[in-house]
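final19.cif (mmCIF, C-alpha atoms and all ligand atoms) appears below.
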data_final
#
loop_
_atom_site.label_atom_id
_atom_site.label_comp_id
_atom_site.auth_asym_id
_atom_site.auth_seq_id
_atom_site.Cartn_x
_atom_site.Cartn_y
_atom_site.Cartn_z
CA MET A 13 -17.70 -69.88 -17.93
CA ILE A 14 -17.68 -68.01 -14.60
CA VAL A 15 -15.44 -69.24 -11.82
CA MET A 16 -15.36 -67.57 -8.42
CA LYS A 17 -12.74 -68.84 -6.00
CA ASN A 18 -12.54 -68.11 -2.28
CA ILE A 19 -14.41 -64.83 -2.59
CA SER A 20 -14.67 -62.77 0.55
CA LYS A 21 -16.03 -59.26 0.86
CA ILE A 22 -15.72 -57.08 3.90
CA TYR A 23 -17.57 -53.76 3.96
CA SER A 24 -16.62 -51.02 6.39
CA ARG A 25 -19.51 -49.26 8.05
CA GLY A 26 -17.96 -46.53 10.22
CA ASP A 27 -15.57 -48.40 12.49
CA LYS A 28 -17.58 -51.61 12.05
CA LYS A 29 -16.72 -54.35 9.55
CA VAL A 30 -19.45 -56.33 7.77
CA GLU A 31 -18.40 -59.69 6.39
CA ALA A 32 -20.80 -59.93 3.43
CA LEU A 33 -19.09 -62.91 1.75
CA ARG A 34 -17.01 -65.63 3.35
CA SER A 35 -14.91 -67.78 1.08
CA ALA A 36 -17.55 -68.30 -1.59
CA ASN A 37 -16.80 -70.71 -4.45
CA LEU A 38 -19.04 -70.82 -7.48
CA THR A 39 -18.90 -72.17 -11.02
CA VAL A 40 -21.45 -71.20 -13.65
CA ASN A 41 -21.45 -73.11 -16.94
CA GLN A 42 -21.84 -71.59 -20.40
CA GLY A 43 -25.47 -71.27 -21.46
CA GLU A 44 -27.08 -72.18 -18.14
CA ILE A 45 -29.47 -70.24 -15.96
CA PHE A 46 -27.96 -70.18 -12.50
CA GLY A 47 -29.95 -69.02 -9.47
CA ILE A 48 -28.67 -67.62 -6.19
CA VAL A 49 -31.23 -67.83 -3.42
CA GLY A 50 -31.12 -66.78 0.22
CA TYR A 51 -32.76 -64.59 2.84
CA SER A 52 -32.24 -60.85 3.02
CA GLY A 53 -28.66 -59.96 3.94
CA ALA A 54 -27.27 -63.38 2.95
CA GLY A 55 -24.85 -61.77 0.50
CA LYS A 56 -26.58 -62.61 -2.80
CA SER A 57 -26.35 -59.17 -4.43
CA THR A 58 -22.77 -58.73 -3.28
CA LEU A 59 -21.82 -62.06 -4.85
CA LEU A 60 -23.59 -61.15 -8.11
CA ARG A 61 -21.91 -57.73 -8.21
CA CYS A 62 -18.51 -59.36 -7.69
CA ILE A 63 -18.97 -61.07 -11.09
CA ASN A 64 -18.79 -57.79 -13.01
CA MET A 65 -16.67 -56.07 -10.33
CA LEU A 66 -19.36 -53.56 -9.40
CA GLU A 67 -18.03 -54.73 -6.03
CA ARG A 68 -14.41 -55.72 -5.84
CA PRO A 69 -13.93 -58.81 -3.67
CA THR A 70 -11.68 -58.26 -0.64
CA THR A 71 -9.96 -61.55 -1.45
CA GLY A 72 -10.39 -64.24 -4.08
CA ILE A 73 -10.42 -64.61 -7.84
CA VAL A 74 -13.19 -64.11 -10.40
CA LYS A 75 -12.59 -65.55 -13.86
CA ILE A 76 -14.80 -65.22 -16.91
CA ARG A 77 -13.60 -67.71 -19.49
CA ASP A 78 -9.84 -67.18 -19.21
CA MET A 79 -10.02 -63.55 -18.20
CA GLU A 80 -9.23 -62.82 -14.58
CA MET A 81 -11.63 -59.99 -13.75
CA THR A 82 -9.99 -59.35 -10.39
CA SER A 83 -6.71 -58.32 -12.02
CA LEU A 84 -8.07 -55.93 -14.70
CA ASN A 85 -7.43 -52.19 -14.55
CA ASP A 86 -10.30 -49.71 -14.94
CA THR A 87 -10.04 -49.40 -18.75
CA GLN A 88 -9.85 -53.17 -19.25
CA LEU A 89 -12.74 -53.61 -16.85
CA GLN A 90 -14.90 -51.15 -18.76
CA GLN A 91 -14.23 -53.19 -21.90
CA ALA A 92 -14.97 -56.50 -20.17
CA ARG A 93 -18.22 -55.21 -18.65
CA ARG A 94 -19.67 -54.63 -22.14
CA LYS A 95 -20.00 -58.39 -22.42
CA ILE A 96 -21.90 -58.58 -19.13
CA GLY A 97 -25.43 -57.14 -19.09
CA MET A 98 -27.30 -56.44 -15.88
CA ILE A 99 -30.93 -55.85 -14.89
CA PHE A 100 -32.25 -54.63 -11.55
CA GLN A 101 -35.29 -54.87 -9.29
CA HIS A 102 -36.21 -51.21 -9.82
CA PHE A 103 -35.26 -51.19 -13.52
CA ASN A 104 -32.86 -48.18 -13.29
CA LEU A 105 -34.22 -46.49 -16.42
CA LEU A 106 -33.58 -42.87 -17.39
CA SER A 107 -36.96 -41.27 -16.65
CA SER A 108 -36.44 -38.29 -18.96
CA SER A 109 -35.55 -40.49 -21.97
CA THR A 110 -37.87 -42.45 -24.22
CA VAL A 111 -37.85 -46.24 -24.38
CA PHE A 112 -35.82 -45.97 -27.60
CA MET A 113 -33.23 -43.69 -26.00
CA ASN A 114 -32.96 -45.92 -22.91
CA VAL A 115 -32.15 -48.94 -25.05
CA ALA A 116 -29.84 -46.88 -27.28
CA ALA A 117 -27.84 -45.48 -24.31
CA PRO A 118 -25.15 -48.23 -24.11
CA LEU A 119 -24.68 -48.07 -27.90
CA ARG A 120 -24.23 -44.30 -27.86
CA LEU A 121 -21.59 -44.70 -25.15
CA THR A 122 -19.58 -46.86 -27.53
CA ASN A 123 -20.03 -44.36 -30.40
CA THR A 124 -22.03 -46.77 -32.53
CA PRO A 125 -23.13 -45.10 -35.82
CA LYS A 126 -26.71 -43.72 -35.78
CA LYS A 127 -28.05 -46.07 -38.47
CA GLU A 128 -26.70 -49.09 -36.64
CA ILE A 129 -28.24 -47.89 -33.37
CA GLU A 130 -31.64 -47.55 -35.03
CA LYS A 131 -31.43 -51.04 -36.47
CA LYS A 132 -30.21 -52.63 -33.24
CA VAL A 133 -32.74 -50.87 -30.99
CA SER A 134 -35.64 -51.79 -33.22
CA GLU A 135 -34.49 -55.45 -33.23
CA LEU A 136 -34.22 -55.43 -29.44
CA LEU A 137 -37.61 -53.78 -28.92
CA ASN A 138 -39.09 -56.37 -31.22
CA LEU A 139 -37.40 -59.15 -29.21
CA VAL A 140 -38.89 -57.91 -25.91
CA GLY A 141 -42.29 -57.12 -27.47
CA LEU A 142 -42.15 -53.33 -27.10
CA SER A 143 -41.93 -52.10 -30.72
CA GLU A 144 -45.08 -50.04 -30.24
CA GLN A 145 -43.72 -48.27 -27.15
CA ALA A 146 -40.48 -46.89 -28.63
CA SER A 147 -41.44 -43.27 -28.07
CA ALA A 148 -43.09 -43.74 -24.66
CA TYR A 149 -41.43 -42.58 -21.43
CA PRO A 150 -40.82 -44.97 -18.52
CA SER A 151 -43.56 -43.30 -16.43
CA GLN A 152 -46.08 -44.36 -19.10
CA LEU A 153 -45.14 -48.05 -18.80
CA SER A 154 -46.21 -50.87 -16.48
CA GLY A 155 -43.62 -52.57 -14.24
CA GLY A 156 -43.35 -55.52 -16.62
CA GLN A 157 -42.83 -53.22 -19.60
CA LYS A 158 -40.16 -51.28 -17.70
CA GLN A 159 -38.29 -54.52 -17.02
CA ARG A 160 -38.56 -55.41 -20.72
CA VAL A 161 -36.86 -52.09 -21.50
CA GLY A 162 -34.19 -52.99 -18.91
CA ILE A 163 -33.68 -56.35 -20.60
CA ALA A 164 -33.48 -54.80 -24.10
CA ARG A 165 -30.94 -52.24 -22.83
CA SER A 166 -28.86 -54.96 -21.15
CA LEU A 167 -28.68 -56.85 -24.47
CA ALA A 168 -27.60 -53.85 -26.57
CA ASN A 169 -23.90 -54.72 -26.50
CA GLU A 170 -24.59 -58.40 -27.23
CA PRO A 171 -23.40 -59.66 -23.86
CA GLU A 172 -22.41 -63.26 -23.15
CA ILE A 173 -23.65 -63.05 -19.57
CA LEU A 174 -26.75 -61.46 -18.06
CA LEU A 175 -26.84 -60.70 -14.33
CA CYS A 176 -30.32 -60.27 -12.84
CA ASP A 177 -30.61 -58.75 -9.37
CA GLU A 178 -34.12 -59.52 -8.05
CA ALA A 179 -35.42 -58.68 -11.53
CA THR A 180 -38.97 -59.85 -10.82
CA SER A 181 -39.31 -58.97 -7.13
CA ALA A 182 -41.26 -55.77 -7.82
CA LEU A 183 -43.69 -57.49 -10.20
CA ASP A 184 -47.00 -59.30 -9.72
CA PRO A 185 -47.04 -63.10 -10.30
CA GLU A 186 -48.44 -62.93 -13.83
CA THR A 187 -45.95 -60.29 -14.96
CA THR A 188 -43.18 -62.24 -13.21
CA ASP A 189 -44.10 -65.27 -15.32
CA SER A 190 -43.97 -63.29 -18.55
CA ILE A 191 -40.54 -61.84 -17.67
CA LEU A 192 -39.28 -65.34 -16.76
CA GLU A 193 -40.55 -66.63 -20.12
CA LEU A 194 -38.66 -63.83 -21.84
CA LEU A 195 -35.47 -64.63 -19.92
CA MET A 196 -35.78 -68.31 -20.89
CA ALA A 197 -36.35 -67.35 -24.53
CA ILE A 198 -33.26 -65.12 -24.71
CA ASN A 199 -31.24 -67.76 -22.87
CA ARG A 200 -32.13 -70.22 -25.64
CA GLN A 201 -32.09 -67.90 -28.65
CA LEU A 202 -28.92 -66.00 -27.79
CA ASN A 203 -27.17 -68.79 -25.86
CA LEU A 204 -26.84 -66.29 -23.05
CA THR A 205 -25.55 -67.38 -19.65
CA ILE A 206 -27.86 -65.98 -16.96
CA VAL A 207 -27.07 -65.58 -13.26
CA LEU A 208 -29.99 -64.42 -11.18
CA VAL A 209 -30.48 -63.49 -7.56
CA THR A 210 -33.85 -64.05 -5.95
CA HIS A 211 -35.56 -64.88 -2.69
CA GLU A 212 -38.46 -66.55 -4.52
CA MET A 213 -38.27 -70.32 -4.99
CA ASN A 214 -40.84 -70.05 -7.76
CA VAL A 215 -38.30 -68.23 -9.89
CA ILE A 216 -35.70 -70.93 -9.22
CA LYS A 217 -38.23 -73.69 -9.93
CA LYS A 218 -39.43 -72.18 -13.21
CA ILE A 219 -36.24 -71.25 -15.01
CA CYS A 220 -33.01 -72.24 -13.28
CA ASP A 221 -30.81 -75.20 -14.18
CA ARG A 222 -28.56 -74.97 -11.13
CA VAL A 223 -28.75 -73.08 -7.89
CA ALA A 224 -26.67 -71.90 -4.93
CA VAL A 225 -28.23 -71.37 -1.51
CA MET A 226 -26.63 -68.62 0.57
CA GLU A 227 -26.69 -67.89 4.27
CA LYS A 228 -24.65 -65.34 6.22
CA GLY A 229 -22.12 -64.80 3.44
CA LEU A 230 -21.63 -68.53 2.83
CA ILE A 231 -22.78 -70.75 0.00
CA ILE A 232 -24.27 -73.55 2.03
CA GLU A 233 -25.52 -75.71 -0.84
CA GLN A 234 -25.19 -75.73 -4.63
CA GLY A 235 -26.19 -78.08 -7.41
CA HIS A 236 -28.95 -78.97 -9.84
CA VAL A 237 -32.35 -77.50 -9.04
CA ILE A 238 -34.02 -80.94 -9.19
CA ASP A 239 -31.59 -82.22 -6.54
CA LEU A 240 -32.32 -79.25 -4.31
CA PHE A 241 -36.05 -79.93 -4.57
CA THR A 242 -35.80 -83.68 -4.06
CA ARG A 243 -32.90 -83.87 -1.59
CA PRO A 244 -32.34 -80.54 0.19
CA GLN A 245 -29.40 -80.87 2.59
CA THR A 246 -29.64 -77.87 4.88
CA PRO A 247 -32.46 -76.52 7.08
CA THR A 248 -32.41 -73.25 5.12
CA ALA A 249 -32.83 -75.05 1.77
CA LYS A 250 -35.66 -77.13 3.31
CA LYS A 251 -37.36 -73.94 4.50
CA PHE A 252 -37.14 -72.38 1.05
CA ILE A 253 -38.59 -75.50 -0.53
CA SER A 254 -41.44 -75.59 1.95
CA THR A 255 -42.54 -72.20 0.57
CA ILE A 256 -43.77 -74.00 -2.53
CA ILE A 257 -44.04 -77.66 -1.54
CA ASP A 258 -45.86 -78.75 1.55
CA THR A 259 -43.36 -81.25 2.96
CA GLN A 260 -45.13 -81.90 6.27
CA LEU A 261 -47.73 -84.66 6.51
CA PRO A 262 -50.88 -83.11 8.03
CA ASP A 263 -51.47 -84.24 11.67
CA LYS A 264 -54.96 -85.44 10.80
CA ILE A 265 -53.65 -88.01 8.31
CA LEU A 266 -50.92 -89.10 10.72
CA GLU A 267 -53.53 -89.64 13.42
CA ILE A 268 -55.62 -91.91 11.17
CA VAL A 269 -52.56 -93.98 10.25
CA LYS A 270 -51.43 -94.32 13.87
CA ASN A 271 -54.80 -95.74 14.84
CA GLN A 272 -54.60 -98.42 12.17
CA SER A 273 -54.53 -101.94 13.62
CA ILE A 274 -53.14 -103.81 10.62
CA PRO A 275 -49.38 -103.90 9.91
CA GLY A 276 -47.87 -101.49 7.45
CA LEU A 277 -45.27 -98.85 6.85
CA LEU A 278 -45.64 -95.24 5.98
CA ALA A 279 -43.11 -94.07 3.40
CA ARG A 280 -42.30 -91.05 1.32
CA VAL A 281 -41.91 -92.03 -2.33
CA GLY A 282 -40.13 -89.52 -4.52
CA PHE A 283 -39.81 -89.51 -8.28
CA VAL A 284 -38.35 -87.32 -10.99
CA GLY A 285 -39.43 -87.31 -14.61
CA ASP A 286 -41.89 -89.56 -16.33
CA VAL A 287 -41.41 -92.77 -14.32
CA GLY A 288 -45.10 -93.61 -14.21
CA ALA A 289 -45.29 -93.74 -10.40
CA ALA A 290 -49.04 -94.32 -10.32
CA PRO A 291 -49.12 -97.55 -12.42
CA LEU A 292 -46.06 -98.87 -10.58
CA LEU A 293 -47.84 -98.42 -7.27
CA ALA A 294 -51.11 -99.80 -8.62
CA ASN A 295 -49.39 -103.03 -9.70
CA LEU A 296 -47.95 -103.74 -6.25
CA SER A 297 -51.01 -105.49 -4.89
CA SER A 298 -50.99 -108.16 -7.61
CA GLN A 299 -47.18 -108.49 -7.71
CA PHE A 300 -46.32 -108.36 -4.00
CA HIS A 301 -49.67 -108.57 -2.14
CA ILE A 302 -49.00 -105.13 -0.71
CA GLN A 303 -51.65 -102.45 -0.87
CA PRO A 304 -50.30 -98.96 -1.42
CA ASN A 305 -52.60 -96.26 -0.14
CA ILE A 306 -51.54 -92.79 -1.31
CA LEU A 307 -52.38 -90.44 1.56
CA TYR A 308 -50.80 -87.21 0.53
CA GLY A 309 -48.68 -85.85 -2.27
CA ASN A 310 -47.08 -83.00 -4.11
CA ILE A 311 -46.29 -83.01 -7.78
CA ILE A 312 -44.53 -79.97 -9.21
CA GLU A 313 -42.86 -79.01 -12.45
CA VAL A 314 -39.24 -77.98 -12.08
CA LYS A 315 -38.14 -76.36 -15.36
CA ASN A 316 -40.21 -78.73 -17.51
CA THR A 317 -39.39 -81.82 -15.42
CA ILE A 318 -42.08 -83.39 -13.29
CA CYS A 319 -40.97 -84.03 -9.73
CA GLY A 320 -43.18 -85.65 -7.12
CA SER A 321 -43.29 -86.70 -3.50
CA LEU A 322 -46.04 -89.04 -2.34
CA ILE A 323 -46.76 -90.20 1.20
CA VAL A 324 -47.84 -93.81 0.86
CA ASN A 325 -49.22 -96.16 3.49
CA PHE A 326 -48.00 -99.62 2.41
CA ILE A 327 -50.32 -102.14 4.02
CA GLY A 328 -48.85 -105.60 4.49
CA GLN A 329 -45.97 -107.54 6.04
CA HIS A 330 -42.72 -105.63 6.57
CA ASP A 331 -40.44 -108.04 4.69
CA LYS A 332 -42.67 -107.77 1.63
CA ILE A 333 -42.72 -103.98 1.91
CA LEU A 334 -38.92 -103.93 1.87
CA LYS A 335 -39.02 -105.94 -1.37
CA VAL A 336 -41.52 -103.43 -2.74
CA ILE A 337 -39.20 -100.57 -1.88
CA ARG A 338 -36.26 -102.22 -3.63
CA HIS A 339 -38.55 -102.86 -6.62
CA LEU A 340 -39.58 -99.18 -6.78
CA GLU A 341 -35.94 -98.09 -6.51
CA LYS A 342 -35.11 -100.25 -9.53
CA TYR A 343 -37.55 -98.09 -11.50
CA GLY A 344 -35.91 -94.86 -10.35
CA LEU A 345 -38.20 -93.99 -7.44
CA GLN A 346 -36.75 -93.15 -4.04
CA ALA A 347 -38.47 -94.38 -0.91
CA GLU A 348 -37.88 -93.27 2.65
CA ILE A 349 -39.65 -95.12 5.44
CA LEU A 350 -41.24 -92.73 7.90
CA LEU A 351 -43.32 -94.76 10.32
CA ASP A 352 -44.09 -98.30 11.43
CA VAL A 353 -47.84 -97.98 11.34
CA LYS A 354 -48.90 -100.60 13.89
CA GLN A 355 -46.22 -99.64 16.42
CA SER A 356 -46.76 -95.90 15.78
CA GLU A 357 -43.01 -95.74 15.83
CA VAL A 358 -40.91 -93.41 13.72
CA ILE A 359 -38.11 -95.52 12.27
CA THR A 360 -35.22 -95.13 9.91
CA GLU A 361 -34.79 -97.51 7.03
CA LYS A 362 -31.51 -98.73 8.52
CA SER A 363 -33.09 -99.74 11.82
CA PHE A 364 -35.97 -101.31 9.89
CA VAL A 365 -33.66 -103.42 7.75
CA GLU A 366 -31.67 -104.46 10.83
CA ARG A 367 -34.86 -105.43 12.63
CA ILE A 368 -36.41 -107.58 9.92
CA SER A 369 -33.15 -109.28 9.03
CA VAL A 370 -32.71 -110.57 12.60
N1 LIG A 401 -22.23 -50.94 0.48
C1 LIG A 401 -22.34 -51.59 1.64
N2 LIG A 401 -21.77 -51.12 2.75
C2 LIG A 401 -21.85 -51.78 3.92
N3 LIG A 401 -22.50 -52.94 4.07
C3 LIG A 401 -23.11 -53.47 3.01
C4 LIG A 401 -23.06 -52.83 1.73
N4 LIG A 401 -23.74 -53.58 0.84
C5 LIG A 401 -24.19 -54.66 1.53
N5 LIG A 401 -23.82 -54.59 2.81
C6 LIG A 401 -24.10 -55.60 3.86
O1 LIG A 401 -23.61 -56.84 3.39
C7 LIG A 401 -24.51 -57.90 3.75
C8 LIG A 401 -24.95 -58.62 2.50
O2 LIG A 401 -25.74 -57.73 1.71
P1 LIG A 401 -26.36 -58.11 0.30
O3 LIG A 401 -27.10 -56.92 -0.21
O4 LIG A 401 -25.31 -58.70 -0.55
O5 LIG A 401 -27.37 -59.25 0.73
P2 LIG A 401 -28.64 -59.84 -0.07
O6 LIG A 401 -28.67 -61.29 0.25
O7 LIG A 401 -28.57 -59.44 -1.49
O8 LIG A 401 -29.84 -59.10 0.66
P3 LIG A 401 -31.23 -58.53 0.05
O9 LIG A 401 -32.00 -59.74 -0.41
O10 LIG A 401 -31.88 -57.85 1.21
O11 LIG A 401 -30.85 -57.62 -1.08
C9 LIG A 401 -25.63 -57.24 4.53
O12 LIG A 401 -25.33 -57.34 5.91
C10 LIG A 401 -25.59 -55.81 4.09
O13 LIG A 401 -26.07 -54.94 5.09
#
Translate this structure into structure tokens?
Amino acid sequence: MIVMKNISKIYSRGDKKVEALRSANLTVNQGEIFGIVGYSGAGKSTLLRCINMLERPTTGIVKIRDMEMTSLNDTQLQQARRKIGMIFQHFNLLSSSTVFMNVAAPLRLTNTPKKEIEKKVSELLNLVGLSEQASAYPSQLSGGQKQRVGIARSLANEPEILLCDEATSALDPETTDSILELLMAINRQLNLTIVLVTHEMNVIKKICDRVAVMEKGLIIEQGHVIDLFTRPQTPTAKKFISTIIDTQLPDKILEIVKNQSIPGLLARVGFVGDVGAAPLLANLSSQFHIQPNILYGNIIEVKNTICGSLIVNFIGQHDKILKVIRHLEKYGLQAEILLDVKQSEVITEKSFVERISV
């Protein structure tokens, strides 16, 4: 649906040049919710604004369906932008206009007949749950209500794409959740493609299907959100994930395991979806004579999919533990060996396999 190829953006600040984007490539599919995450200054907003040409890329191509946005003239661009809604962190509402007039503004710009405007605005206010506030002014609304007005306004021209620039960053966690629920509902009901920029992993975890991680103008990682959570590739992605999942085993637990005198291996066991990790582990002692002792774990929900990471102390002989690991993998779990318990030695699975197969 959206294809961005080799996008670079250089801003001039006095005689200085700022390279905000460096050869960014991105593909967003029809109907998905795509997140762009990164630290401040990474280039997220610039990339988002290159989709609707609020910023023109210095080089590169932006295509929406078959339309090449980068080659449109101003009139064509104005037309094309009607199919791309946008919402902002600070809502950007007209303070001297009522809620109704704010939502009606894009329709008045396109000379929509009055009756039609009334019908459309009332439908939109109903959709965002603000029918009762039609005659209120923005100053009389809460932050969450203001963003609902922003969302209703962005939908007035029935866009195919909604761009969200830090749309929940000014809101408290509860209000954030309600706005995310609303975005998910309109994504489903209207089959709207949503691209959102955020620095909060919670937003990515709750509503996104795919994600791009940005750093210093580069997209350093992109893919399905589940993959990012279960197999982050870059230190920056790992840092973002650690803001909601504790990936480090506490020293206290490690100390206990290191002092253990019986043989065993410490491993991280990851699973996605309903694989029934607990019964699988429980059955190991009867099947393989290996006792799994779950020491630590995180289980989170990533857009309605359960995703877990357990630190397990497998007590028993190493060759049997390797069989156990292969057995778990057959059922869709991933296991990564972290430590040879008796030797207190951090090992990789490769060196472990080499050692026991000698
Ligand atoms: N209009 C501009 N003129 C000059 N430099 C700019 C302009 N807009 C952005 N920049 C610079 O481009 C870089 C990327 O900015 P951008 O706003 O895209 O990052 P971001 O990841 O969205 O950051 P934040 O999360 O703080 O909004 C930054 O170094 C920023 O200072």
Check which residues fall inside 7 Å of ligand LIG 401 (chain A) when counting only C-alpha atoms and all ligand atoms, and print them as a PyMOL selection string.
-> chain A and resi 23-25+30-32+50-59+211+229
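Nearest to Glu348 (chain A) of all the residues A:Ile256, A:Val314, A:Ala279, A:Val324 is A:Ala279, counting all atoms listed in the file.
With CA of Asp184 (chain A) on one side and CA of Arg165 (chain A) on the other, the separation reads 21.9 Å.
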If you count only C-alpha atoms, which residues fall within 10 Å of Asp189 (chain A), apart from same-chain ones fewer than 3 positions away, as a ChimeraX atom specification?
-> /A:156,180,183-186,192-195,214-215,218-219
Which neighbours of Leu60 (chain A) fall inside 12 Å, counting all atoms listed in the file, when residues of the same chain fewer than 3 positions from it are skipped, and could you give them as a PDB file with C-alpha atoms, keeping the file's coordinate frame?
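The resulting file, out-v3.pdb, is reproduced below:
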ATOM      1  CA  ILE A  14     -17.680 -68.010 -14.600  1.00  0.00           C
ATOM      2  CA  MET A  16     -15.360 -67.570  -8.420  1.00  0.00           C
ATOM      3  CA  ILE A  19     -14.410 -64.830  -2.590  1.00  0.00           C
ATOM      4  CA  LYS A  21     -16.030 -59.260   0.860  1.00  0.00           C
ATOM      5  CA  ALA A  32     -20.800 -59.930   3.430  1.00  0.00           C
ATOM      6  CA  LEU A  33     -19.090 -62.910   1.750  1.00  0.00           C
ATOM      7  CA  ALA A  36     -17.550 -68.300  -1.590  1.00  0.00           C
ATOM      8  CA  LEU A  38     -19.040 -70.820  -7.480  1.00  0.00           C
ATOM      9  CA  VAL A  40     -21.450 -71.200 -13.650  1.00  0.00           C
ATOM     10  CA  PHE A  46     -27.960 -70.180 -12.500  1.00  0.00           C
ATOM     11  CA  GLY A  47     -29.950 -69.020  -9.470  1.00  0.00           C
ATOM     12  CA  ILE A  48     -28.670 -67.620  -6.190  1.00  0.00           C
ATOM     13  CA  VAL A  49     -31.230 -67.830  -3.420  1.00  0.00           C
ATOM     14  CA  ALA A  54     -27.270 -63.380   2.950  1.00  0.00           C
ATOM     15  CA  GLY A  55     -24.850 -61.770   0.500  1.00  0.00           C
ATOM     16  CA  LYS A  56     -26.580 -62.610  -2.800  1.00  0.00           C
ATOM     17  CA  SER A  57     -26.350 -59.170  -4.430  1.00  0.00           C
ATOM     18  CA  ILE A  63     -18.970 -61.070 -11.090  1.00  0.00           C
ATOM     19  CA  ASN A  64     -18.790 -57.790 -13.010  1.00  0.00           C
ATOM     20  CA  MET A  65     -16.670 -56.070 -10.330  1.00  0.00           C
ATOM     21  CA  LEU A  66     -19.360 -53.560  -9.400  1.00  0.00           C
ATOM     22  CA  GLU A  67     -18.030 -54.730  -6.030  1.00  0.00           C
ATOM     23  CA  ARG A  68     -14.410 -55.720  -5.840  1.00  0.00           C
ATOM     24  CA  PRO A  69     -13.930 -58.810  -3.670  1.00  0.00           C
ATOM     25  CA  VAL A  74     -13.190 -64.110 -10.400  1.00  0.00           C
ATOM     26  CA  ILE A  96     -21.900 -58.580 -19.130  1.00  0.00           C
ATOM     27  CA  GLY A  97     -25.430 -57.140 -19.090  1.00  0.00           C
ATOM     28  CA  MET A  98     -27.300 -56.440 -15.880  1.00  0.00           C
ATOM     29  CA  ILE A  99     -30.930 -55.850 -14.890  1.00  0.00           C
ATOM     30  CA  PHE A 100     -32.250 -54.630 -11.550  1.00  0.00           C
ATOM     31  CA  ILE A 173     -23.650 -63.050 -19.570  1.00  0.00           C
ATOM     32  CA  LEU A 174     -26.750 -61.460 -18.060  1.00  0.00           C
ATOM     33  CA  LEU A 175     -26.840 -60.700 -14.330  1.00  0.00           C
ATOM     34  CA  CYS A 176     -30.320 -60.270 -12.840  1.00  0.00           C
ATOM     35  CA  ASP A 177     -30.610 -58.750  -9.370  1.00  0.00           C
ATOM     36  CA  GLU A 178     -34.120 -59.520  -8.050  1.00  0.00           C
ATOM     37  CA  ILE A 206     -27.860 -65.980 -16.960  1.00  0.00           C
ATOM     38  CA  VAL A 207     -27.070 -65.580 -13.260  1.00  0.00           C
ATOM     39  CA  LEU A 208     -29.990 -64.420 -11.180  1.00  0.00           C
ATOM     40  CA  VAL A 209     -30.480 -63.490  -7.560  1.00  0.00           C
ATOM     41  CA  THR A 210     -33.850 -64.050  -5.950  1.00  0.00           C
ATOM     42  CA  ALA A 224     -26.670 -71.900  -4.930  1.00  0.00           C
ATOM     43  CA  MET A 226     -26.630 -68.620   0.570  1.00  0.00           C
TER      44      MET A 226
END
Determine, counting only C-alpha atoms, every residue of protein, DNA or RNA that lies within 10 Å of (-38.5, -73.8, -8.6) in the file coordinates, then give the result as a list in words.
-> Gly47, Glu212, Met213, Asn214, Val215, Ile216, Lys217, Lys218, Ile219, Cys220, Asp221, Val223, Val237, Ile238, Leu240, Phe241, Phe252, Ile253, Ile256, Ile257, Ile312, Glu313, Val314 and Lys315 of chain A
Since we have the selection now, will you write its residues out, keeping C-alpha atoms, as a PDB file, keeping the file's coordinate frame?
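So selection-v1.pdb came out as:
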ATOM      1  CA  GLY A  47     -29.950 -69.020  -9.470  1.00  0.00           C
ATOM      2  CA  GLU A 212     -38.460 -66.550  -4.520  1.00  0.00           C
ATOM      3  CA  MET A 213     -38.270 -70.320  -4.990  1.00  0.00           C
ATOM      4  CA  ASN A 214     -40.840 -70.050  -7.760  1.00  0.00           C
ATOM      5  CA  VAL A 215     -38.300 -68.230  -9.890  1.00  0.00           C
ATOM      6  CA  ILE A 216     -35.700 -70.930  -9.220  1.00  0.00           C
ATOM      7  CA  LYS A 217     -38.230 -73.690  -9.930  1.00  0.00           C
ATOM      8  CA  LYS A 218     -39.430 -72.180 -13.210  1.00  0.00           C
ATOM      9  CA  ILE A 219     -36.240 -71.250 -15.010  1.00  0.00           C
ATOM     10  CA  CYS A 220     -33.010 -72.240 -13.280  1.00  0.00           C
ATOM     11  CA  ASP A 221     -30.810 -75.200 -14.180  1.00  0.00           C
ATOM     12  CA  VAL A 223     -28.750 -73.080  -7.890  1.00  0.00           C
ATOM     13  CA  VAL A 237     -32.350 -77.500  -9.040  1.00  0.00           C
ATOM     14  CA  ILE A 238     -34.020 -80.940  -9.190  1.00  0.00           C
ATOM     15  CA  LEU A 240     -32.320 -79.250  -4.310  1.00  0.00           C
ATOM     16  CA  PHE A 241     -36.050 -79.930  -4.570  1.00  0.00           C
ATOM     17  CA  PHE A 252     -37.140 -72.380   1.050  1.00  0.00           C
ATOM     18  CA  ILE A 253     -38.590 -75.500  -0.530  1.00  0.00           C
ATOM     19  CA  ILE A 256     -43.770 -74.000  -2.530  1.00  0.00           C
ATOM     20  CA  ILE A 257     -44.040 -77.660  -1.540  1.00  0.00           C
ATOM     21  CA  ILE A 312     -44.530 -79.970  -9.210  1.00  0.00           C
ATOM     22  CA  GLU A 313     -42.860 -79.010 -12.450  1.00  0.00           C
ATOM     23  CA  VAL A 314     -39.240 -77.980 -12.080  1.00  0.00           C
ATOM     24  CA  LYS A 315     -38.140 -76.360 -15.360  1.00  0.00           C
TER      25      LYS A 315
END
For region 110-118 of chain A: contacts at 12 Å, all atoms listed in the file, fewer than 4 positions along chain excluded, given as a ChimeraX atom specification = /A:90,93-98,103-106,122-138,140,142-153,157-171
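When CA of Leu307 (chain A) is paired with CA of Ile323 (chain A), their separation reads 5.6 Å.
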For Leu334 (chain A), the nearest of the candidates A:Gly26, A:Gly276, A:Gly285, A:Gly235, counting all atoms listed in the file = A:Gly276
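If you look at CA of Leu351 (chain A) and CA of Asp286 (chain A), they are 27.2 Å away from each other.
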